[in-house]
Amino acid sequence: MPRNHLKRFADLKNLPNVFQGLEGARSFNAFEYFGNSNPITLELACGKGEYAVELAKKYPQKNFIGIDRKGNRIWKGARIAVDEGLKNAVFFRLDIELIGDVFDENSISEIWIAFPDPYPKTKQAKKRLTSPQYLQIYKRILTNGGLIHLKTDSEILLESTLKSLEREDMWLVKRYDDIHLEPPDDNALAIKTRYEEGFLESGRKIKYLCISKS
């Protein structure tokens, strides 16, 4: 393992805004940590936490939790949040399928999924973060009217998500097949991850779906 990875894993243990594993995530008390009862937004498969960090900056009246199973990824976002004094952003090192065991029913106001692995092969469909099995988890933890935001460059993921919505009786609130052709009036969508920057440079279109629990 590269030396910088080892340093980051060691640093994770000391960062006050990182909670590792199922036990660590369950020990997290949102009201005690944030000091308020503001709405909570999750960024799933957050990678380096780019969305969680930028959202926390843009919306100080909300709380954000970035979730990813790889500590080397979340280290960067967690480190930036600490260095910049962002008190409304924390990170869980956790498998996403376990979030239903961590968050209470009707406790999350929004979920962001920015450029997840599309798993393009049919046999991998269940691994997609907008497959029916995942949507069932999201429906349970989202508040009534809670929203899911998906950004992707994958047509396969977009279409499979739309089919999953029909199966799970969820509502499509907004759809953009190219958010940079007609930029939406939404500051959150203006955030660009490193993946998005790369996709734009290669001429790929960035798609967006906003989904409602009810």
# chains A, B, ... in the order shown; residues from 1 in each chain; ligands from 1
call {"tool": "closest_atom_pairs", "arguments": {"of": "stretch 85-153 of chain A", "to": "stretch 26-37 of chain A", "cutoff": "12 Å", "atoms": "only C-alpha atoms", "output": "Markdown table"}}
result
| residue | atom | partner | partner_atom | distance |
| --- | --- | --- | --- | --- |
| A:Leu86 | CA | A:Phe34 | CA | 10.3 |
| A:Lys87 | CA | A:Phe34 | CA | 6.7 |
| A:Asn88 | CA | A:Phe34 | CA | 6.2 |
| A:Ala89 | CA | A:Phe34 | CA | 8.6 |
| A:Val90 | CA | A:Tyr33 | CA | 9.2 |
| A:Phe91 | CA | A:Phe28 | CA | 10.4 |
| A:Phe92 | CA | A:Phe28 | CA | 9.4 |
| A:Arg93 | CA | A:Arg26 | CA | 11.7 |
| A:Leu94 | CA | A:Arg26 | CA | 10.7 |
| A:Leu98 | CA | A:Arg26 | CA | 10.5 |
| A:Ile99 | CA | A:Arg26 | CA | 9.6 |
| A:Gly100 | CA | A:Arg26 | CA | 10.8 |
| A:Asp101 | CA | A:Arg26 | CA | 8.1 |
| A:Val102 | CA | A:Arg26 | CA | 5.5 |
| A:Phe103 | CA | A:Arg26 | CA | 8.1 |
| A:Asp104 | CA | A:Arg26 | CA | 10.5 |
| A:Ser107 | CA | A:Ala30 | CA | 10.4 |
| A:Ile108 | CA | A:Ala30 | CA | 11.1 |
| A:Ser109 | CA | A:Ser37 | CA | 11.7 |
call {"tool": "residues_around", "arguments": {"residues": "A:Arg204", "least_positions_apart": "2", "cutoff": "12 Å", "atoms": "only C-alpha atoms", "output": "list in words"}}
result
Thr152, Asp153, Ser154, Glu155, Asp177, Asp178, Ile179, His180, Leu181, Tyr195, Glu196, Glu197, Gly198, Phe199, Leu200, Glu201, Ser202, Ile206 and Lys207 of chain A
call {"tool": "select_by_dssp", "arguments": {"residues": "stretch 40-203 of chain A", "states": "alpha helix (DSSP H)", "output": "PyMOL selection string"}}
result
chain A and resi 50-58+71-83+132-141+155-168+194-201
call {"tool": "closest_residue", "arguments": {"among": "A:Leu165, A:Leu15, A:Ile113, A:Leu150", "to": "A:Gln136", "atoms": "only C-alpha atoms"}}
result
A:Leu165
call {"tool": "residues_around", "arguments": {"residues": "A:Asp169", "least_positions_apart": "4", "cutoff": "9 Å", "atoms": "only C-alpha atoms", "output": "PDB file with C-alpha atoms, in the first residue's frame"}}
result
ATOM      1  CA  SER A 164     -36.881   1.505 -11.053  1.00  0.00           C
ATOM      2  CA  LEU A 165     -39.021   4.534 -10.190  1.00  0.00           C
ATOM      3  CA  LYS A 213     -40.454   9.817  -2.210  1.00  0.00           C
ATOM      4  CA  SER A 214     -44.062  10.974  -2.486  1.00  0.00           C
TER       5      SER A 214
END
call {"tool": "select_by_dssp", "arguments": {"residues": "stretch 13-159 of chain A", "states": "strand (DSSP E or B)", "output": "PyMOL selection string"}}
result
chain A and resi 18-20+40-44+63-68+89-93+108-114+142-152
call {"tool": "residues_around", "arguments": {"residues": "stretch 73-80 of chain A", "least_positions_apart": "5", "cutoff": "6 Å", "atoms": "only C-alpha atoms", "output": "PyMOL selection string"}}
result
chain A and resi 47-49
call {"tool": "atom_distance", "arguments": {"atom1": "atom CA of A:Val53", "atom2": "atom CA of A:Lys126"}}
result
28.6 Å
call {"tool": "closest_residue", "arguments": {"among": "A:Arg194, A:Phe9, A:Ala188, A:Glu168", "to": "A:Tyr134", "atoms": "only C-alpha atoms"}}
result
A:Glu168
call {"tool": "atom_distance", "arguments": {"atom1": "atom CA of A:Lys58", "atom2": "atom CA of A:Asn38"}}
result
14.5 Å
call {"tool": "closest_residue", "arguments": {"among": "A:Asn106, A:Thr193, A:Gln61, A:Asn72", "to": "A:Asp11", "atoms": "only C-alpha atoms"}}
result
A:Asn72
call {"tool": "atom_distance", "arguments": {"atom1": "atom CA of A:Asp83", "atom2": "atom CA of A:Asp117"}}
result
29.2 Å
